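Colleague: Have a peek at target-v5.cif (mmCIF, C-alpha atoms and all ligand atoms).
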```cif
data_upload
#
loop_
_atom_site.label_atom_id
_atom_site.label_comp_id
_atom_site.auth_asym_id
_atom_site.auth_seq_id
_atom_site.Cartn_x
_atom_site.Cartn_y
_atom_site.Cartn_z
CA ILE Z 1 31.47 -129.45 85.97
CA ILE Z 2 28.79 -127.74 83.88
CA THR Z 3 28.32 -124.05 84.72
CA LEU Z 4 25.33 -121.92 83.81
CA ALA Z 5 26.32 -118.24 83.94
CA ILE Z 6 24.31 -115.03 83.79
CA GLU Z 7 25.54 -111.47 83.16
CA THR Z 8 23.28 -108.40 83.31
CA SER Z 9 25.52 -105.72 84.87
CA CYS Z 10 25.05 -103.09 82.19
CA ASP Z 11 23.44 -103.20 78.76
CA GLU Z 12 24.14 -106.77 77.66
CA THR Z 13 21.78 -109.57 78.63
CA SER Z 14 23.93 -112.67 78.43
CA CYS Z 15 23.79 -116.33 79.40
CA ALA Z 16 26.44 -118.98 78.84
CA VAL Z 17 27.06 -122.66 79.49
CA LEU Z 18 30.62 -123.81 80.18
CA LYS Z 19 32.41 -127.03 80.83
CA ASN Z 20 35.13 -126.77 83.46
CA GLY Z 21 35.68 -123.04 83.25
CA ARG Z 22 37.51 -122.92 79.92
CA GLU Z 23 35.31 -124.63 77.38
CA VAL Z 24 32.36 -122.57 76.14
CA LEU Z 25 29.36 -124.66 75.08
CA SER Z 26 27.28 -121.55 74.40
CA ASN Z 27 27.55 -117.81 75.01
CA ILE Z 28 24.42 -115.89 74.02
CA ILE Z 29 24.75 -112.09 74.15
CA SER Z 30 21.84 -109.75 73.52
CA SER Z 31 23.17 -106.20 73.31
CA GLN Z 32 20.97 -103.16 73.90
CA ILE Z 33 23.45 -100.81 72.19
CA GLU Z 34 20.97 -99.81 69.47
CA ILE Z 35 18.34 -98.85 72.06
CA HIS Z 36 20.71 -96.73 74.17
CA ARG Z 37 22.53 -95.12 71.23
CA LYS Z 38 19.81 -92.52 70.69
CA PHE Z 39 20.37 -91.30 74.27
CA GLY Z 40 24.15 -91.17 73.80
CA GLY Z 41 24.73 -93.64 76.65
CA VAL Z 42 23.14 -96.33 78.80
CA VAL Z 43 19.83 -95.35 80.47
CA PRO Z 44 19.62 -97.50 83.63
CA GLU Z 45 15.81 -97.77 83.79
CA VAL Z 46 15.59 -98.83 80.17
CA ALA Z 47 18.40 -101.36 80.66
CA SER Z 48 16.62 -103.05 83.60
CA ARG Z 49 13.35 -103.32 81.71
CA LYS Z 50 15.04 -104.83 78.66
CA HIS Z 51 16.89 -107.36 80.83
CA ILE Z 52 13.55 -108.48 82.31
CA GLU Z 53 12.06 -108.88 78.85
CA ASN Z 54 15.05 -110.83 77.54
CA ILE Z 55 16.49 -112.89 80.35
CA ASN Z 56 14.35 -116.04 80.10
CA ILE Z 57 14.65 -116.15 76.31
CA ILE Z 58 18.44 -115.81 76.52
CA ILE Z 59 18.73 -118.54 79.17
CA GLU Z 60 16.66 -120.92 77.04
CA LYS Z 61 18.76 -120.14 73.99
CA ALA Z 62 21.99 -120.77 75.87
CA LEU Z 63 20.79 -124.17 77.13
CA LYS Z 64 19.55 -125.13 73.69
CA GLU Z 65 22.70 -124.15 71.89
CA ALA Z 66 24.84 -125.97 74.46
CA ASN Z 67 22.58 -128.97 74.05
CA VAL Z 68 22.05 -129.32 77.80
CA ASP Z 69 19.05 -129.39 80.12
CA PHE Z 70 18.57 -127.66 83.47
CA LYS Z 71 19.19 -131.07 85.08
CA ASP Z 72 22.74 -131.17 83.61
CA ILE Z 73 23.76 -127.92 85.38
CA ASP Z 74 26.16 -128.35 88.31
CA ILE Z 75 26.67 -124.73 89.41
CA VAL Z 76 25.04 -121.36 88.69
CA GLY Z 77 27.29 -118.29 88.37
CA VAL Z 78 26.06 -114.71 88.25
CA THR Z 79 27.51 -111.19 88.24
CA ARG Z 80 26.88 -109.55 91.64
CA GLY Z 81 28.70 -106.28 90.83
CA PRO Z 82 29.98 -103.81 89.94
CA GLY Z 83 27.26 -102.46 87.67
CA LEU Z 84 23.83 -100.86 87.55
CA VAL Z 85 21.77 -101.88 90.57
CA GLY Z 86 18.51 -102.53 88.70
CA ALA Z 87 20.25 -104.37 85.89
CA LEU Z 88 22.25 -106.58 88.27
CA LEU Z 89 19.07 -107.45 90.22
CA VAL Z 90 17.50 -109.07 87.17
CA GLY Z 91 20.43 -111.47 86.71
CA ILE Z 92 20.76 -112.23 90.42
CA SER Z 93 17.05 -112.96 90.83
CA SER Z 94 17.06 -115.37 87.89
CA ALA Z 95 20.23 -117.09 89.07
CA LYS Z 96 18.84 -117.50 92.58
CA ALA Z 97 15.59 -118.96 91.25
CA ILE Z 98 17.46 -121.47 89.10
CA ALA Z 99 19.93 -122.46 91.83
CA TYR Z 100 17.09 -122.87 94.32
CA ALA Z 101 14.92 -124.91 91.95
CA LEU Z 102 17.83 -127.18 90.96
CA ASP Z 103 19.28 -127.26 94.49
CA LYS Z 104 22.74 -126.43 93.09
CA PRO Z 105 25.45 -124.05 94.35
CA LEU Z 106 25.08 -120.36 93.53
CA ILE Z 107 28.32 -118.47 92.84
CA GLY Z 108 28.38 -114.67 92.93
CA VAL Z 109 31.00 -113.24 90.58
CA ASN Z 110 32.90 -109.95 90.50
CA HIS Z 111 32.33 -108.63 86.96
CA ILE Z 112 35.88 -107.28 86.68
CA LYS Z 113 37.42 -110.61 87.68
CA GLY Z 114 35.16 -112.04 84.99
CA HIS Z 115 36.75 -109.74 82.41
CA ILE Z 116 40.17 -111.08 83.46
CA CYS Z 117 38.94 -114.70 83.26
CA ALA Z 118 37.95 -114.20 79.60
CA ASN Z 119 41.66 -114.83 79.00
CA TYR Z 120 41.41 -118.38 80.43
CA ILE Z 121 38.76 -119.17 77.85
CA GLU Z 122 40.75 -117.73 74.97
CA HIS Z 123 44.13 -119.13 76.03
CA LYS Z 124 43.69 -122.70 77.25
CA THR Z 125 47.16 -122.96 78.79
CA LEU Z 126 47.28 -119.54 80.47
CA GLU Z 127 47.99 -119.88 84.18
CA PRO Z 128 48.67 -117.34 86.93
CA PRO Z 129 50.90 -115.59 87.78
CA PHE Z 130 50.66 -112.88 85.14
CA THR Z 131 50.25 -109.11 84.97
CA CYS Z 132 46.86 -107.88 83.78
CA LEU Z 133 45.63 -104.53 82.51
CA VAL Z 134 41.86 -104.22 82.90
CA VAL Z 135 40.47 -101.43 80.72
CA SER Z 136 36.68 -101.35 80.52
CA GLY Z 137 33.86 -98.84 80.27
CA GLY Z 138 33.84 -98.10 83.98
CA HIS Z 139 37.21 -99.34 85.29
CA THR Z 140 40.95 -99.09 84.75
CA TYR Z 141 42.92 -101.48 86.93
CA LEU Z 142 46.52 -102.68 86.91
CA VAL Z 143 46.44 -106.12 88.44
CA GLN Z 144 48.87 -108.85 89.41
CA ALA Z 145 47.11 -112.21 89.04
CA ASN Z 146 48.66 -114.36 91.76
CA SER Z 147 46.25 -117.28 91.44
CA TYR Z 148 42.92 -118.12 89.78
CA THR Z 149 41.13 -116.31 92.59
CA ASP Z 150 43.72 -113.83 93.91
CA TYR Z 151 43.86 -110.65 91.83
CA GLU Z 152 46.11 -108.11 93.54
CA LEU Z 153 45.09 -104.53 92.82
CA ILE Z 154 48.20 -102.44 92.07
CA GLY Z 155 46.93 -99.37 90.25
CA ARG Z 156 43.68 -97.72 89.26
CA THR Z 157 42.31 -94.60 87.65
CA ARG Z 158 41.81 -91.61 89.92
CA ASP Z 159 39.08 -90.17 87.71
CA ASP Z 160 37.74 -91.39 84.34
CA ALA Z 161 38.09 -94.98 83.19
CA ALA Z 162 39.89 -95.60 79.90
CA GLY Z 163 36.70 -96.64 78.09
CA GLU Z 164 34.84 -93.69 79.57
CA ALA Z 165 37.51 -91.34 78.16
CA PHE Z 166 37.12 -92.93 74.72
CA ASP Z 167 33.33 -92.55 74.92
CA LYS Z 168 33.43 -88.92 76.13
CA VAL Z 169 36.00 -87.80 73.55
CA ALA Z 170 34.00 -89.54 70.83
CA ARG Z 171 30.88 -87.73 71.93
CA SER Z 172 32.65 -84.35 71.78
CA LEU Z 173 33.70 -85.23 68.23
CA GLY Z 174 30.07 -85.92 67.36
CA LEU Z 175 30.68 -89.66 66.95
CA PRO Z 176 28.09 -92.30 67.94
CA TYR Z 177 27.99 -94.30 71.18
CA PRO Z 178 29.94 -96.36 72.13
CA GLY Z 179 32.88 -94.26 71.00
CA GLY Z 180 35.75 -96.69 71.62
CA PRO Z 181 35.37 -98.82 68.49
CA VAL Z 182 34.79 -95.70 66.31
CA ILE Z 183 37.91 -93.93 67.59
CA ASP Z 184 39.88 -97.15 67.10
CA LYS Z 185 38.78 -97.29 63.46
CA LEU Z 186 39.42 -93.59 62.73
CA SER Z 187 42.85 -93.84 64.37
CA LYS Z 188 43.99 -96.22 61.66
CA VAL Z 189 43.77 -93.45 59.06
CA GLY Z 190 44.61 -90.49 61.30
CA ASN Z 191 48.05 -89.16 62.26
CA PRO Z 192 48.86 -89.99 65.92
CA LYS Z 193 51.51 -87.24 65.98
CA ALA Z 194 49.24 -84.49 64.60
CA ILE Z 195 48.36 -83.03 68.02
CA ASP Z 196 50.56 -83.24 71.09
CA PHE Z 197 48.06 -84.15 73.83
CA PRO Z 198 49.40 -84.61 77.39
CA ARG Z 199 50.53 -88.04 78.66
CA PRO Z 200 49.11 -88.05 82.19
CA CYS Z 201 51.63 -90.13 84.14
CA LEU Z 202 51.12 -88.76 87.67
CA GLU Z 203 54.01 -89.24 90.09
CA GLU Z 204 57.10 -91.05 88.88
CA ASN Z 205 56.51 -94.36 90.64
CA SER Z 206 52.74 -94.42 90.67
CA TYR Z 207 50.79 -97.20 89.00
CA ASP Z 208 47.63 -95.09 89.06
CA PHE Z 209 46.09 -93.48 86.00
CA SER Z 210 44.26 -90.23 85.27
CA PHE Z 211 42.39 -89.52 82.06
CA SER Z 212 40.15 -86.55 82.80
CA GLY Z 213 42.95 -84.02 82.10
CA LEU Z 214 43.55 -85.58 78.71
CA LYS Z 215 39.83 -85.49 77.99
CA THR Z 216 39.76 -81.77 78.88
CA ALA Z 217 42.80 -81.14 76.67
CA VAL Z 218 40.91 -82.61 73.72
CA LEU Z 219 37.86 -80.46 74.52
CA ASN Z 220 40.03 -77.33 74.78
CA TYR Z 221 41.70 -78.15 71.49
CA LEU Z 222 38.34 -78.55 69.75
CA ASN Z 223 37.04 -75.26 71.19
CA GLN Z 224 40.17 -73.37 70.15
CA MET Z 225 39.97 -74.70 66.61
CA LYS Z 226 36.30 -73.73 66.39
CA GLN Z 227 37.04 -70.21 67.69
CA LYS Z 228 39.82 -69.76 65.15
CA GLY Z 229 37.50 -71.10 62.48
CA GLU Z 230 40.05 -73.75 61.56
CA GLU Z 231 39.20 -77.15 60.19
CA ILE Z 232 39.14 -80.07 62.63
CA VAL Z 233 40.54 -83.28 61.20
CA VAL Z 234 38.55 -85.83 63.20
CA GLU Z 235 40.84 -88.73 62.25
CA ASP Z 236 43.91 -86.86 63.54
CA VAL Z 237 42.23 -85.89 66.82
CA ALA Z 238 41.11 -89.52 67.30
CA ALA Z 239 44.55 -90.93 66.51
CA SER Z 240 46.41 -88.40 68.68
CA PHE Z 241 44.04 -88.95 71.62
CA GLN Z 242 44.23 -92.73 71.32
CA GLN Z 243 48.03 -92.61 71.13
CA ALA Z 244 48.21 -90.58 74.35
CA VAL Z 245 45.95 -93.06 76.19
CA ILE Z 246 47.68 -96.21 75.04
CA GLU Z 247 51.22 -94.94 75.62
CA VAL Z 248 50.44 -94.35 79.30
CA LEU Z 249 48.60 -97.67 79.66
CA VAL Z 250 51.38 -99.64 77.97
CA GLU Z 251 54.28 -97.97 79.81
CA LYS Z 252 52.85 -98.64 83.27
CA THR Z 253 51.82 -102.19 82.43
CA ILE Z 254 55.28 -103.06 81.09
CA ARG Z 255 56.89 -101.47 84.16
CA LEU Z 256 54.79 -103.57 86.54
CA ALA Z 257 55.41 -106.76 84.55
CA LYS Z 258 59.17 -106.16 84.74
CA GLU Z 259 59.03 -105.37 88.44
CA ARG Z 260 57.15 -108.62 89.12
CA ASN Z 261 59.16 -110.68 86.60
CA SER Z 262 55.99 -111.59 84.71
CA LYS Z 263 56.49 -113.57 81.53
CA THR Z 264 52.95 -112.81 80.42
CA ILE Z 265 50.74 -109.72 80.25
CA ALA Z 266 47.00 -110.19 79.69
CA LEU Z 267 44.61 -107.47 78.56
CA ALA Z 268 40.98 -107.47 79.69
CA GLY Z 269 37.79 -105.40 79.31
CA GLY Z 270 36.17 -103.67 76.35
CA VAL Z 271 39.15 -101.42 75.56
CA ALA Z 272 41.30 -104.58 75.23
CA ALA Z 273 39.64 -104.82 71.81
CA ASN Z 274 41.55 -101.69 70.77
CA LYS Z 275 43.93 -102.47 67.89
CA GLY Z 276 46.34 -99.67 68.74
CA LEU Z 277 46.64 -100.83 72.35
CA ARG Z 278 47.20 -104.45 71.31
CA ASN Z 279 49.84 -103.46 68.74
CA LEU Z 280 51.83 -101.12 70.96
CA LEU Z 281 51.78 -103.59 73.86
CA GLU Z 282 52.98 -106.37 71.53
CA ILE Z 283 55.84 -104.22 70.24
CA ARG Z 284 56.92 -103.22 73.75
CA GLY Z 285 56.40 -106.75 75.08
CA SER Z 286 58.55 -108.39 72.43
CA LYS Z 287 61.40 -106.00 73.29
CA GLU Z 288 61.19 -107.14 76.91
CA GLY Z 289 60.61 -110.82 76.17
CA ILE Z 290 57.08 -110.67 77.60
CA GLU Z 291 54.25 -112.52 75.93
CA ILE Z 292 51.01 -110.56 75.34
CA LYS Z 293 47.58 -112.21 75.54
CA TYR Z 294 44.10 -110.81 75.01
CA PRO Z 295 40.63 -112.25 74.45
CA SER Z 296 38.85 -112.16 71.09
CA THR Z 297 36.65 -109.06 70.65
CA THR Z 298 33.44 -110.84 71.72
CA LEU Z 299 35.08 -111.97 74.95
CA CYS Z 300 36.55 -108.50 75.65
CA THR Z 301 33.19 -106.78 76.03
CA ASP Z 302 30.46 -107.97 78.41
CA ASN Z 303 29.46 -111.62 78.09
CA ALA Z 304 28.36 -114.43 80.42
CA ALA Z 305 31.07 -116.90 79.38
CA MET Z 306 33.71 -114.90 81.26
CA ILE Z 307 31.43 -114.89 84.32
CA GLY Z 308 31.05 -118.67 84.04
CA SER Z 309 34.82 -119.11 83.93
CA CYS Z 310 35.27 -117.00 87.05
CA ALA Z 311 32.41 -118.83 88.81
CA TYR Z 312 34.10 -122.16 88.10
CA PHE Z 313 37.44 -121.07 89.54
CA ASN Z 314 35.70 -119.56 92.59
CA TYR Z 315 33.79 -122.81 93.10
CA ILE Z 316 36.76 -125.18 92.88
CA SER Z 317 38.66 -122.99 95.34
CA GLY Z 318 35.78 -123.34 97.80
CA GLN Z 319 34.02 -120.00 97.37
CA SER Z 320 30.28 -120.04 96.95
CA SER Z 321 27.32 -117.89 97.89
CA ASP Z 322 23.90 -118.65 99.33
CA LEU Z 323 20.43 -117.40 98.47
CA GLY Z 324 21.15 -114.31 100.57
CA LEU Z 325 23.48 -113.11 97.77
CA THR Z 326 23.06 -109.37 97.28
CA VAL Z 327 23.72 -106.88 94.51
CA GLU Z 328 26.97 -104.88 94.94
CA PRO Z 329 26.82 -101.94 92.50
CA ASN Z 330 30.18 -100.53 93.66
CA LEU Z 331 32.05 -103.80 94.25
CA GLU Z 332 35.81 -103.25 94.12
CA LEU Z 333 38.39 -105.69 92.82
CA ASP Z 334 39.98 -106.10 96.22
CA GLN Z 335 36.66 -106.87 97.95
CA LYS Z 336 35.55 -110.48 98.23
P1 LIG Z 401 32.70 -102.25 83.38
O1 LIG Z 401 33.16 -103.58 82.89
O2 LIG Z 401 33.80 -101.39 83.89
O3 LIG Z 401 31.56 -102.34 84.33
P2 LIG Z 401 31.40 -102.01 80.84
O4 LIG Z 401 30.99 -103.42 81.13
O5 LIG Z 401 30.38 -101.06 80.38
O6 LIG Z 401 32.13 -101.43 82.12
P3 LIG Z 401 32.97 -103.17 78.79
O7 LIG Z 401 31.81 -103.89 78.25
O8 LIG Z 401 34.07 -103.96 79.34
O9 LIG Z 401 32.56 -102.02 79.80
O10 LIG Z 401 33.56 -102.29 77.63
C1 LIG Z 401 32.85 -101.26 77.00
C2 LIG Z 401 33.81 -100.14 76.78
O11 LIG Z 401 34.84 -100.57 75.87
C3 LIG Z 401 33.19 -98.91 76.15
O12 LIG Z 401 33.69 -97.77 76.83
C4 LIG Z 401 33.70 -98.94 74.71
O13 LIG Z 401 33.83 -97.66 74.13
C5 LIG Z 401 35.05 -99.59 74.90
N1 LIG Z 401 35.56 -100.23 73.67
C6 LIG Z 401 35.02 -101.26 72.99
N2 LIG Z 401 35.74 -101.54 71.89
C7 LIG Z 401 36.78 -100.66 71.87
C8 LIG Z 401 37.88 -100.41 71.01
N3 LIG Z 401 38.08 -101.12 69.90
N4 LIG Z 401 38.75 -99.40 71.33
C9 LIG Z 401 38.56 -98.68 72.45
N5 LIG Z 401 37.54 -98.84 73.29
C10 LIG Z 401 36.67 -99.82 73.02
MG MG Z 402 28.03 -102.87 77.30
FE FE Z 403 32.24 -104.95 81.63
#
```
Mind turning the file's structure into structure tokens?

Modeller:
Amino acid sequence: IITLAIETSCDETSCAVLKNGREVLSNIISSQIEIHRKFGGVVPEVASRKHIENINIIIEKALKEANVDFKDIDIVGVTRGPGLVGALLVGISSAKAIAYALDKPLIGVNHIKGHICANYIEHKTLEPPFTCLVVSGGHTYLVQANSYTDYELIGRTRDDAAGEAFDKVARSLGLPYPGGPVIDKLSKVGNPKAIDFPRPCLEENSYDFSFSGLKTAVLNYLNQMKQKGEEIVVEDVAASFQQAVIEVLVEKTIRLAKERNSKTIALAGGVAANKGLRNLLEIRGSKEGIEIKYPSTTLCTDNAAMIGSCAYFNYISGQSSDLGLTVEPNLELDQK
């Protein structure tokens, strides 16, 4: 089955062609990061306009690189949410037009499930069940993958997402957007024990997360240092903040994996690119005899290949959409 997939939920215009959900024939990603950087974050109106300008070019490129024609496409997958409403609409409209013109099935995809499916592309033998930590720009989910289409939501953030915390702390340190990769890099040279930031663990048995208190603690620390006229060592703040975030993420993920007897933990979403998170999870996993998997950096952040993989698994399990498919900006993981 040849899948054409489209992703436009945020600031990446992406189109991919896949064979059978795991083999990527092409995965073209046009990022708008440079455009949004001068605003310090994604501007929705600008994102929509750029998607409109780019989408047809990106689709053509993806077909060309995969060496396929429209007539070779068997199914069309597209992100239906969560994401920016105007941005999502561009992808959905294109996907509908293509599916209608080719008279092929249209498959609406949950973007977050797509992030999880990036692992099927990277790891050809990975099969459910496994425990998955989804850490992206807008979401933090602890998930038990029971099947290729059943992702059980166990825990979530009650305030900021992990990636959002990285981006906000980076901004308060005067670092460029997106802050995650910059903090990751600085953390390698900083001292993670320099500042004792809180580890927000909530109630003893909870699988939920909370990062806004930690973010505030960093802000308070920076203000105090400025008031005292003391020097702020950016690398140490970055490393200490990152350490606090990843310790909480790793502890809860390991706990869930043990409770469910998972032999594998998969990471997903943009923050899954974080070196510190990968390392700590690998150290803790090896102690428990749990294997750790994560996608390559390109597959961690937004891309259409992961959407194509998810569309394929939805399709073979009998789920498909019709031309009435609508945009779902606030789609949750546990919604269909
Ligand atoms: P969502 O998927 O929740 O809708 P999104 O698509 O904007 O949000 P992603 O593309 O999955 O999010 O990831 C982007 C986020 O990942 C940003 O917050 C960015 O700072 C963060 N990120 C990327 N690389 C790293 C890294 N190496 N370390 C930490 N964070 C990172
Ligand atoms: Mg993005
Ligand atoms: Fe995303």

Colleague: With distances taken over all atoms listed in the file, which residue among Z:Met225, Z:Leu63, Z:Leu202, Z:Val43 lies nearest ligand LIG 401 (chain Z)?

Modeller: Z:Val43

Colleague: Pick out the residues sitting within 9 Å of Ala16 of chain Z, and hand them over as a list of chain:residue names; count all atoms listed in the file, and ignore anything fewer than 2 positions along from it in its own chain.

Modeller: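 These residues fall inside the cut-off: Z:Thr3, Z:Leu4, Z:Ala5, Z:Ile6, Z:Glu7, Z:Ser14, Z:Leu18, Z:Val24, Z:Leu25, Z:Ser26, Z:Asn27, Z:Ile28, Z:Ile29, Z:Ile58, Z:Ile59, Z:Ala62, Z:Leu63, Z:Ala66, Z:Asn303, Z:Ala304, Z:Ala305, Z:Met306, Z:Ile307, Z:Gly308.
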
Colleague: In Å, how far is it from atom CA of Glu230 of chain Z to atom CA of Arg199 of chain Z?

Modeller: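 Atom CA of Arg199 of chain Z lies 24.6 Å from atom CA of Glu230 of chain Z.
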
Colleague: Just the residues within 12 Å of Tyr177 of chain Z, please, counting all atoms listed in the file, with nothing from its chain fewer than 4 positions along; format it as a PDB file with C-alpha atoms, keeping the file's coordinate frame.

Modeller:
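Dumped everything to out.pdb:
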```pdb
ATOM      1  CA  GLN Z  32      20.970-103.160  73.900  1.00  0.00           C
ATOM      2  CA  ILE Z  33      23.450-100.810  72.190  1.00  0.00           C
ATOM      3  CA  GLU Z  34      20.970 -99.810  69.470  1.00  0.00           C
ATOM      4  CA  ILE Z  35      18.340 -98.850  72.060  1.00  0.00           C
ATOM      5  CA  HIS Z  36      20.710 -96.730  74.170  1.00  0.00           C
ATOM      6  CA  ARG Z  37      22.530 -95.120  71.230  1.00  0.00           C
ATOM      7  CA  LYS Z  38      19.810 -92.520  70.690  1.00  0.00           C
ATOM      8  CA  PHE Z  39      20.370 -91.300  74.270  1.00  0.00           C
ATOM      9  CA  GLY Z  40      24.150 -91.170  73.800  1.00  0.00           C
ATOM     10  CA  GLY Z  41      24.730 -93.640  76.650  1.00  0.00           C
ATOM     11  CA  VAL Z  42      23.140 -96.330  78.800  1.00  0.00           C
ATOM     12  CA  GLY Z 137      33.860 -98.840  80.270  1.00  0.00           C
ATOM     13  CA  GLY Z 163      36.700 -96.640  78.090  1.00  0.00           C
ATOM     14  CA  GLU Z 164      34.840 -93.690  79.570  1.00  0.00           C
ATOM     15  CA  PHE Z 166      37.120 -92.930  74.720  1.00  0.00           C
ATOM     16  CA  ASP Z 167      33.330 -92.550  74.920  1.00  0.00           C
ATOM     17  CA  LYS Z 168      33.430 -88.920  76.130  1.00  0.00           C
ATOM     18  CA  VAL Z 169      36.000 -87.800  73.550  1.00  0.00           C
ATOM     19  CA  ALA Z 170      34.000 -89.540  70.830  1.00  0.00           C
ATOM     20  CA  ARG Z 171      30.880 -87.730  71.930  1.00  0.00           C
ATOM     21  CA  SER Z 172      32.650 -84.350  71.780  1.00  0.00           C
ATOM     22  CA  LEU Z 173      33.700 -85.230  68.230  1.00  0.00           C
ATOM     23  CA  PRO Z 181      35.370 -98.820  68.490  1.00  0.00           C
ATOM     24  CA  VAL Z 182      34.790 -95.700  66.310  1.00  0.00           C
ATOM     25  CA  ILE Z 183      37.910 -93.930  67.590  1.00  0.00           C
TER      26      ILE Z 183
END
```

Colleague: Give as a PyMOL selection string the residues surrounding ligand LIG 401 (chain Z) up to a distance of 8 Å, considering all atoms listed in the file.

Modeller: chain Z and resi 9-11+82-83+111-112+115+135-140+161-167+177-185+268-275+297+300-302

Colleague: I'd like the contact shell of Arg278 of chain Z - 12 Å cut-off, only C-alpha atoms, skipping same-chain residues fewer than 6 positions apart - returned as a PDB file with C-alpha atoms, keeping the file's coordinate frame.

Modeller:
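Written out: out35.pdb:
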```pdb
ATOM      1  CA  LEU Z 133      45.630-104.530  82.510  1.00  0.00           C
ATOM      2  CA  VAL Z 135      40.470-101.430  80.720  1.00  0.00           C
ATOM      3  CA  ASP Z 184      39.880 -97.150  67.100  1.00  0.00           C
ATOM      4  CA  GLN Z 243      48.030 -92.610  71.130  1.00  0.00           C
ATOM      5  CA  ILE Z 246      47.680 -96.210  75.040  1.00  0.00           C
ATOM      6  CA  GLU Z 247      51.220 -94.940  75.620  1.00  0.00           C
ATOM      7  CA  LEU Z 249      48.600 -97.670  79.660  1.00  0.00           C
ATOM      8  CA  VAL Z 250      51.380 -99.640  77.970  1.00  0.00           C
ATOM      9  CA  ILE Z 265      50.740-109.720  80.250  1.00  0.00           C
ATOM     10  CA  ALA Z 266      47.000-110.190  79.690  1.00  0.00           C
ATOM     11  CA  LEU Z 267      44.610-107.470  78.560  1.00  0.00           C
ATOM     12  CA  ALA Z 268      40.980-107.470  79.690  1.00  0.00           C
ATOM     13  CA  VAL Z 271      39.150-101.420  75.560  1.00  0.00           C
ATOM     14  CA  ALA Z 272      41.300-104.580  75.230  1.00  0.00           C
ATOM     15  CA  ARG Z 284      56.920-103.220  73.750  1.00  0.00           C
ATOM     16  CA  GLY Z 285      56.400-106.750  75.080  1.00  0.00           C
ATOM     17  CA  GLU Z 291      54.250-112.520  75.930  1.00  0.00           C
ATOM     18  CA  ILE Z 292      51.010-110.560  75.340  1.00  0.00           C
ATOM     19  CA  LYS Z 293      47.580-112.210  75.540  1.00  0.00           C
ATOM     20  CA  TYR Z 294      44.100-110.810  75.010  1.00  0.00           C
ATOM     21  CA  PRO Z 295      40.630-112.250  74.450  1.00  0.00           C
ATOM     22  CA  SER Z 296      38.850-112.160  71.090  1.00  0.00           C
ATOM     23  CA  THR Z 297      36.650-109.060  70.650  1.00  0.00           C
TER      24      THR Z 297
END
```

Colleague: Residues near Ser187 of chain Z, anyone? I mean within 9 Å using all atoms listed in the file, not counting same-chain ones fewer than 5 positions away, as a VMD selection string.

Modeller: chain Z and resid 182 192 235 to 243 276

Colleague: Would you mind reading off the distance between atom CA of Gly324 of chain Z and atom CA of Ile121 of chain Z, one decimal, in Å?

Modeller: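 Value for the atom CA of Gly324 of chain Z-atom CA of Ile121 of chain Z distance: 29.2 Å.
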
Colleague: With a distance cut-off of 12 Å and all atoms listed in the file, select the neighbouring residues of Ile290 of chain Z, excluding the residue or stretch itself and same-chain residues fewer than 5 positions from it, and output the selection as a VMD selection string.

Modeller: chain Z and resid 130 to 131 253 to 258 260 to 266 281 to 285

Colleague: Just checking: using only C-alpha atoms, which residue out of Z:Ala145, Z:Ile116, Z:Val327, Z:Val46 ends up closest to Gly91 of chain Z?

Modeller: Z:Val327

Colleague: Could I get segment 273-285 of chain Z from the block written out with C-alpha atoms, as a compact mmCIF listing (two decimals), in the first residue's frame?

Modeller:
```
# COMPACT_ATOMS: atom_id res chain seq x y z
CA ALA Z 273 15.49 14.60 20.50
CA ASN Z 274 16.93 15.75 23.84
CA LYS Z 275 20.28 14.06 24.51
CA GLY Z 276 20.00 14.32 28.28
CA LEU Z 277 16.56 12.69 28.27
CA ARG Z 278 17.73 9.87 25.99
CA ASN Z 279 20.83 9.23 28.12
CA LEU Z 280 19.11 9.22 31.50
CA LEU Z 281 16.30 6.99 30.22
CA GLU Z 282 18.86 4.56 28.76
CA ILE Z 283 20.77 4.40 32.05
CA ARG Z 284 17.60 3.81 34.07
CA GLY Z 285 16.20 1.40 31.47
```
